[in-house]
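Asks: If you scroll down you'll find the structure; I have some questions about it.
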Amino acid sequence: MSEPRVRRAEIAIEQTHVDRVYTRLAELRSQAEAMRAKGYEIGHGAQKEAVFEQASMLFERDMMVFHANQTLQTLDAEYEGLVFGRLDHTSDETIYVGRLGIRDAEFDNLVTDWRAPAAAAFYQATAEEPMDVVRRRVIRCSGQNVLDVDDDVLIPDAVPESMQVVGEGALMAALGRSRGEKMRDIVATIQREQDEVIRAPWRGVTEITGGPGTGKTAVALHRAAYLLYRHRRQLGGAGVLVVGPSGVFTSYIERVLPSMGETNVELRALGQVLDGIEATRQDPAPLAAIKGSLRMRKVLLRALRDTPPDAPEEMRIVYRGEVLKLGAKELDKVRRKVHTHGGPPNRSRVRAAETLLEALADKAEEYARADDRTIDRAELITDLGERIDFHRFLVVWWPVLYPGEVLRWLGDERRLARSAKQLLNQEEIALFAASMRDRSRGWSVADVALLDELRVLAGPPPKRRRRAQDVLEAEHPPRTATGPQRPEHYDEYSHIVVDESQDLSPMQWRMVGRRGKYASWTVVGDPVQSSWPDPAEAAQARDHAFGPRTARRRFTLRTNYRNSAEIFDLAAEVVAGHAEPDELPRAVRKTGISPVVRTIDRGGLEGEVQAAAKELLDAVEGTVGVITAMDRVEEVGQWLSGQADERLKVVGSLDSKGLEYDAVVLVEPTELITESTTGRRVLYVALTRATQQLTVLSADSDWLPGSIEGG
């Protein structure tokens, strides 16, 4: 029988089984809907029962409806491509692997959940260690329809005559397919080195390093799904937080975990970690370096303890016909004395009132001694403490401090200079203050970590006035979480995944660390791609975020599945002076298509970008990314607005982290080098986003390997 006929016959065999699975899925869905309807009937009946019976019946209703809704949610999430694998063992046992486990009405196994121990061989078996698997088959579906199958034979001598083998192997077939706008899950093509990471113990810190295209992000997300499946009792209730570098990135990965049935997960970009803020704007690299430094914690603490701009500089209050007066220096002394106790200012107003009353009593005693008389100190403090004019003064002299308001105060260079003395130089002070004075564009991503630091340092404001908009002085409404609704500033996640961790500033590590006080961690990164200029300082903050967890394990993924070898060879040459050879992955796929490096005239850049984008849209079936310097994104987007193709995306260099496209147009690579404090590392990231074709448009050759000494 010819290979095409064999393939069609095998597809038909698998279609028969997939049809059984979806028939059973429909039955389970009908049962869940019936359970939900029954729950509502119980609730309706409870209204007619005696009061003492209502509570029991309503509880039963709630449990039935909750369980039914959870079941329906899982079944709906897993509808697409439910079955994706098959294992044929030497014992003649056949196991189908899929996104969740399904049994038929007689409790016979139709599909084994990919996270179950019985499915481990689908990812771990190799020709050297076949784990009793004769044939491993990947089944590719669209909806309920089987499109194709690909086989790996692991024990050739054990293949029975009746067993047909088709395909070139799952992984290489998957690598050739086009990308969509959303990241696909990789449960059907996980390789052994990736599977070891996914199934590593859940406690402590698991670090995943590796170069571009090694599947770090996908592995981390699948690890989260696996841990929730295997350790749901320990991890499920508190939930999982996934932190990514940008909103573009979180949109790209948002369907991966729900497609595996996991909805108890929150995805947040770094600009969204703090409730009430959604920042997308990136600061220029020198400014971001200032805002991200650990020096900023001391600057912010001093700013909180400084006298508020509108605070009165003098206090006058009449007591028994005598005016008691405290001048600016005396009031500053009182303020310093309150702050020496170290409590958050918003929790220190009572102490401030007591200290202020003591200062007034001192002043009254000073006046009394001058007149050779005495006063009752306790009586004075009690009387003044009950006076409305005293409390009116206190409210404006010791106001509630809101993070956004305090941060904006630092737009005053003189105020900032006091707070930043011996911490920031004059140039840094001027740069930071200018950014705080500019309110036209809202908060930047780097500002969010500063706001979170101020939130903790200032303490919560009085509850009667506490609203998200007040707390943060935010330009955006509070963000709605993608997962379950949790209390504001929730810090009890059971597991935290941090992607592109090499780019987190020390202040951002502090922000994320507050959310993981009790969490285990999966941390994904590649030092070669780092855009943070001081790795040692970031490592210090990262270790502080992890806390005293002793279990630390590190995995390195070394195979680049994304880029063709032709594309990655160029990227590797560009970054060669900034990475050791063993820090770069190995690209396993050759296409015969070399990157196109096109020298252009700066005056004709717009037309060149338009032409290159059209060429690649015609050449590939999937997405085309146009990557440019951050300050060019809007301009380039306008150039391409006439090409109404949903496959075309314009993205800045920093926002391209973690993304991939079938083809990429890279605009002016030298601009990517000069806009970043880490130079060629950012260019390396941009060069490794393409899976099939890459076109580089440049007016100069400075970026080419060897053209710039040291980058």
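In the structure tokens, chains take letters A, B, ... by order of appearance, with residues numbered from 1 within each chain and ligands from 1 in the order shown.
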Taking the DSSP secondary structure from the backbone, can you list the residues of stretch 317-351 of chain A that are alpha helix (DSSP H), as a PyMOL selection string?
Replies: chain A and resi 328-339+349-351
Asks: Can you write out the residues you just picked, keeping all heavy atoms, as a compact mmCIF listing (two decimals), in the first residue's frame?
Replies:
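File written: part.txt
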```
# COMPACT_ATOMS: atom_id res chain seq x y z
N ALA A 328 8.32 76.34 61.94
CA ALA A 328 8.67 75.31 60.95
C ALA A 328 9.71 74.33 61.48
O ALA A 328 9.58 73.11 61.32
CB ALA A 328 9.16 75.99 59.67
N LYS A 329 10.77 74.84 62.14
CA LYS A 329 11.81 73.95 62.65
C LYS A 329 11.27 73.04 63.74
O LYS A 329 11.63 71.86 63.81
CB LYS A 329 12.99 74.77 63.17
CG LYS A 329 13.78 75.47 62.08
CD LYS A 329 14.99 76.19 62.65
CE LYS A 329 15.81 76.85 61.55
NZ LYS A 329 16.99 77.56 62.11
N GLU A 330 10.39 73.58 64.58
CA GLU A 330 9.81 72.76 65.65
C GLU A 330 8.88 71.69 65.09
O GLU A 330 8.86 70.55 65.56
CB GLU A 330 9.07 73.66 66.63
CG GLU A 330 10.00 74.58 67.42
CD GLU A 330 9.26 75.68 68.13
OE1 GLU A 330 8.46 76.37 67.47
OE2 GLU A 330 9.47 75.85 69.35
N LEU A 331 8.11 72.06 64.07
CA LEU A 331 7.23 71.07 63.43
C LEU A 331 8.04 69.99 62.73
O LEU A 331 7.68 68.81 62.76
CB LEU A 331 6.29 71.77 62.45
CG LEU A 331 5.19 72.64 63.07
CD1 LEU A 331 4.44 73.39 61.98
CD2 LEU A 331 4.22 71.79 63.89
N ASP A 332 9.14 70.38 62.08
CA ASP A 332 10.01 69.38 61.43
C ASP A 332 10.59 68.42 62.46
O ASP A 332 10.71 67.21 62.21
CB ASP A 332 11.15 70.07 60.68
CG ASP A 332 10.67 70.74 59.40
OD1 ASP A 332 9.56 70.41 58.94
OD2 ASP A 332 11.42 71.59 58.86
N LYS A 333 10.94 68.96 63.64
CA LYS A 333 11.48 68.11 64.69
C LYS A 333 10.44 67.10 65.16
O LYS A 333 10.75 65.92 65.39
CB LYS A 333 11.94 68.98 65.86
CG LYS A 333 12.57 68.20 67.00
CD LYS A 333 13.04 69.13 68.11
CE LYS A 333 13.65 68.35 69.28
NZ LYS A 333 14.08 69.25 70.38
N VAL A 334 9.19 67.54 65.29
CA VAL A 334 8.10 66.63 65.67
C VAL A 334 7.94 65.54 64.60
O VAL A 334 7.81 64.35 64.93
CB VAL A 334 6.78 67.40 65.85
CG1 VAL A 334 5.62 66.44 66.04
CG2 VAL A 334 6.89 68.35 67.03
N ARG A 335 7.97 65.94 63.32
CA ARG A 335 7.79 64.98 62.24
C ARG A 335 8.90 63.93 62.26
O ARG A 335 8.65 62.73 62.11
CB ARG A 335 7.75 65.71 60.89
CG ARG A 335 7.39 64.81 59.71
CD ARG A 335 7.33 65.61 58.41
NE ARG A 335 6.30 66.64 58.47
CZ ARG A 335 5.00 66.41 58.23
NH1 ARG A 335 4.59 65.19 57.93
NH2 ARG A 335 4.14 67.40 58.30
N ARG A 336 10.14 64.38 62.44
CA ARG A 336 11.27 63.43 62.49
C ARG A 336 11.12 62.47 63.65
O ARG A 336 11.44 61.28 63.54
CB ARG A 336 12.60 64.20 62.57
CG ARG A 336 12.98 64.92 61.30
CD ARG A 336 14.45 65.35 61.33
NE ARG A 336 14.74 66.24 62.46
CZ ARG A 336 14.61 67.57 62.41
NH1 ARG A 336 14.21 68.15 61.29
NH2 ARG A 336 14.91 68.31 63.46
N LYS A 337 10.66 62.97 64.78
CA LYS A 337 10.50 62.13 65.95
C LYS A 337 9.47 61.04 65.72
O LYS A 337 9.66 59.88 66.12
CB LYS A 337 10.10 62.99 67.16
CG LYS A 337 10.07 62.22 68.47
CD LYS A 337 9.82 63.16 69.65
CE LYS A 337 9.84 62.41 70.98
NZ LYS A 337 9.60 63.31 72.13
N VAL A 338 8.38 61.38 65.04
CA VAL A 338 7.35 60.37 64.72
C VAL A 338 7.95 59.30 63.82
O VAL A 338 7.75 58.10 64.02
CB VAL A 338 6.13 61.03 64.06
CG1 VAL A 338 5.11 59.95 63.65
CG2 VAL A 338 5.48 62.04 64.99
N HIS A 339 8.70 59.73 62.81
CA HIS A 339 9.25 58.78 61.83
C HIS A 339 10.34 57.89 62.41
O HIS A 339 10.62 56.82 61.85
CB HIS A 339 9.78 59.53 60.61
CG HIS A 339 8.71 60.01 59.68
ND1 HIS A 339 7.73 59.19 59.18
CD2 HIS A 339 8.46 61.26 59.18
CE1 HIS A 339 6.93 59.88 58.38
NE2 HIS A 339 7.34 61.14 58.38
N ARG A 349 -0.78 58.36 62.33
CA ARG A 349 -1.41 59.65 62.64
C ARG A 349 -1.68 59.80 64.14
O ARG A 349 -1.53 60.89 64.71
CB ARG A 349 -2.70 59.83 61.86
CG ARG A 349 -3.35 61.19 62.14
CD ARG A 349 -4.55 61.45 61.29
NE ARG A 349 -4.17 61.82 59.94
CZ ARG A 349 -5.06 62.09 58.98
NH1 ARG A 349 -6.36 61.99 59.25
NH2 ARG A 349 -4.66 62.43 57.78
N VAL A 350 -2.06 58.72 64.81
CA VAL A 350 -2.29 58.81 66.26
C VAL A 350 -1.00 59.17 66.97
O VAL A 350 -0.97 60.05 67.85
CB VAL A 350 -2.86 57.48 66.80
CG1 VAL A 350 -2.90 57.51 68.33
CG2 VAL A 350 -4.25 57.24 66.24
N ARG A 351 0.11 58.51 66.55
CA ARG A 351 1.41 58.84 67.15
C ARG A 351 1.80 60.29 66.83
O ARG A 351 2.36 61.00 67.68
CB ARG A 351 2.48 57.88 66.64
CG ARG A 351 3.83 58.05 67.35
CD ARG A 351 4.87 57.11 66.76
NE ARG A 351 4.52 55.72 66.96
CZ ARG A 351 4.73 55.04 68.08
NH1 ARG A 351 5.29 55.65 69.12
NH2 ARG A 351 4.39 53.77 68.16
```
Asks: Report the residues of stretch 359-575 of chain A whose backbone DSSP state falls under strand (DSSP E or B), written as a list of chain:residue names.
Replies: A:Ser444, A:Glu492, A:His495, A:Ile496, A:Val497, A:Val498, A:Gly516, A:Ser520, A:Trp521, A:Thr522, A:Val523, A:Val524, A:Gly525, A:Arg552, A:Arg553, A:Arg554, A:Phe555, A:Thr556, A:Leu557, A:Thr559, A:Asn560, A:Tyr561, A:Arg562, A:Asn563, A:Ser564
Asks: Compare A:Glu207, A:Val138, A:Thr591, A:Ser494 by their minimum atom-to-atom distance to A:Arg232, counting only C-alpha atoms, and give me the closest one.
Replies: A:Ser494
Asks: Near A:Lys298, within 12 Å and counting only C-alpha atoms, which residues show up once chain neighbours fewer than 5 positions away are dropped, as a PyMOL selection string?
Replies: chain A and resi 291+293+303-305+416+418-424+450+453-454+457+507
Asks: Hey, can you spit out that residue selection with N, CA and C atoms as a PDB file, in the first residue's frame?
Replies:
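Wrote it out as selection-v1.pdb, contents follow:
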```pdb
ATOM      1  N   LYS A 291      15.120  54.242  37.739  1.00  0.00           N
ATOM      2  CA  LYS A 291      13.904  53.853  38.443  1.00  0.00           C
ATOM      3  C   LYS A 291      13.962  52.417  38.954  1.00  0.00           C
ATOM      4  N   SER A 293      16.677  50.773  40.031  1.00  0.00           N
ATOM      5  CA  SER A 293      17.769  50.518  40.966  1.00  0.00           C
ATOM      6  C   SER A 293      17.260  50.427  42.403  1.00  0.00           C
ATOM      7  N   ALA A 303      11.372  60.437  50.743  1.00  0.00           N
ATOM      8  CA  ALA A 303      10.309  61.285  50.195  1.00  0.00           C
ATOM      9  C   ALA A 303       9.057  61.204  51.050  1.00  0.00           C
ATOM     10  N   LEU A 304       8.751  60.002  51.553  1.00  0.00           N
ATOM     11  CA  LEU A 304       7.583  59.841  52.417  1.00  0.00           C
ATOM     12  C   LEU A 304       7.741  60.592  53.732  1.00  0.00           C
ATOM     13  N   ARG A 305       8.964  60.691  54.204  1.00  0.00           N
ATOM     14  CA  ARG A 305       9.208  61.317  55.501  1.00  0.00           C
ATOM     15  C   ARG A 305       9.445  62.825  55.395  1.00  0.00           C
ATOM     16  N   LEU A 416      13.334  66.398  45.315  1.00  0.00           N
ATOM     17  CA  LEU A 416      14.001  65.150  44.948  1.00  0.00           C
ATOM     18  C   LEU A 416      15.451  65.154  45.400  1.00  0.00           C
ATOM     19  N   ARG A 418      16.717  66.531  47.996  1.00  0.00           N
ATOM     20  CA  ARG A 418      16.776  66.213  49.437  1.00  0.00           C
ATOM     21  C   ARG A 418      16.630  64.708  49.659  1.00  0.00           C
ATOM     22  N   SER A 419      15.714  64.098  48.942  1.00  0.00           N
ATOM     23  CA  SER A 419      15.462  62.668  49.131  1.00  0.00           C
ATOM     24  C   SER A 419      16.554  61.799  48.526  1.00  0.00           C
ATOM     25  N   ALA A 420      17.224  62.330  47.492  1.00  0.00           N
ATOM     26  CA  ALA A 420      18.209  61.522  46.765  1.00  0.00           C
ATOM     27  C   ALA A 420      19.646  61.884  47.111  1.00  0.00           C
ATOM     28  N   LYS A 421      19.831  62.628  48.192  1.00  0.00           N
ATOM     29  CA  LYS A 421      21.181  63.057  48.563  1.00  0.00           C
ATOM     30  C   LYS A 421      22.105  61.854  48.747  1.00  0.00           C
ATOM     31  N   GLN A 422      23.246  61.885  48.059  1.00  0.00           N
ATOM     32  CA  GLN A 422      24.266  60.825  48.090  1.00  0.00           C
ATOM     33  C   GLN A 422      23.758  59.505  47.505  1.00  0.00           C
ATOM     34  N   LEU A 423      22.616  59.532  46.835  1.00  0.00           N
ATOM     35  CA  LEU A 423      22.080  58.332  46.182  1.00  0.00           C
ATOM     36  C   LEU A 423      22.049  58.481  44.664  1.00  0.00           C
ATOM     37  N   LEU A 424      21.587  59.664  44.200  1.00  0.00           N
ATOM     38  CA  LEU A 424      21.544  59.953  42.768  1.00  0.00           C
ATOM     39  C   LEU A 424      22.415  61.167  42.490  1.00  0.00           C
ATOM     40  N   LEU A 450       7.723  51.372  41.590  1.00  0.00           N
ATOM     41  CA  LEU A 450       7.899  52.451  42.569  1.00  0.00           C
ATOM     42  C   LEU A 450       6.594  52.726  43.301  1.00  0.00           C
ATOM     43  N   GLU A 453       6.144  50.008  45.828  1.00  0.00           N
ATOM     44  CA  GLU A 453       7.031  50.216  46.975  1.00  0.00           C
ATOM     45  C   GLU A 453       6.444  51.278  47.902  1.00  0.00           C
ATOM     46  N   LEU A 454       5.958  52.374  47.324  1.00  0.00           N
ATOM     47  CA  LEU A 454       5.348  53.436  48.119  1.00  0.00           C
ATOM     48  C   LEU A 454       4.081  52.956  48.817  1.00  0.00           C
ATOM     49  N   LEU A 457       5.400  51.149  51.848  1.00  0.00           N
ATOM     50  CA  LEU A 457       6.073  52.054  52.783  1.00  0.00           C
ATOM     51  C   LEU A 457       5.092  53.012  53.456  1.00  0.00           C
ATOM     52  N   MET A 507      13.881  46.673  41.593  1.00  0.00           N
ATOM     53  CA  MET A 507      12.620  47.142  42.160  1.00  0.00           C
ATOM     54  C   MET A 507      11.449  46.299  41.687  1.00  0.00           C
TER      55      MET A 507
END
```
Asks: For A:Ala644, work out the shell of residues within 12 Å, counting only C-alpha atoms and skipping chain neighbours fewer than 6 positions away, then give it as a list in words.
Replies: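 Counting only C-alpha atoms, the residues come to Gln610, Ala613, Lys614, Leu617, Gly637 and Gln638 of chain A.
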Asks: Point out the residue among A:Arg136, A:Leu697, A:Pro117, A:Pro344 with the least atom-to-atom distance to A:Leu87, counting only C-alpha atoms.
Replies: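 Among the listed residues, the smallest separation from A:Leu87 belongs to A:Arg136.
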Asks: Compare A:Tyr490, A:Glu668, A:Gln124, A:Gln144 by their minimum atom-to-atom distance to A:Asp195, counting only C-alpha atoms, and give me the closest one.
Replies: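 Nearest candidate to A:Asp195 out of A:Tyr490, A:Glu668, A:Gln124, A:Gln144: A:Gln124.
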Asks: Which residue, A:Leu324, A:Leu110, A:Val165, A:Ala12, has the smallest gap to A:Glu366 when you use only C-alpha atoms?
Replies: A:Leu324
Asks: So how many Å separate atom CA of A:Ala449 and atom CA of A:Leu235, to one decimal?
Replies: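 Atom CA of A:Leu235 lies at a distance of 26.2 Å from atom CA of A:Ala449.
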Asks: Tell me which protein, DNA and RNA residues are within 9 Å of A:Val685, counting only C-alpha atoms, leaving out same-chain ones fewer than 4 positions away, and put them as a list in words.
Replies: Pro212, Val528, Gln529, Ala571, Ser653, Leu654, Ser656, Lys657, Gly658, Arg680, Arg681 and Arg689 of chain A
Asks: Report as an NGL selection string all protein, DNA and RNA residues lying within 8 Å of A:Ser520, evaluated on only C-alpha atoms, omitting residues in the same chain fewer than 4 positions from it.
Replies: :A and (202-205 or 494-496 or 516)
Asks: Quote the spacing between atom CA of A:Leu300 and atom CA of A:Ala359 in Å to one decimal place.
Replies: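 Straight-line distance from atom CA of A:Leu300 to atom CA of A:Ala359 works out to 27.3 Å.
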Asks: Looking at A:Ser91, A:Gln272, A:Thr217, A:Thr374, which one is nearest to A:Val512, with distances taken over only C-alpha atoms?
Replies: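 Under the stated criterion, the closest residue is A:Gln272.
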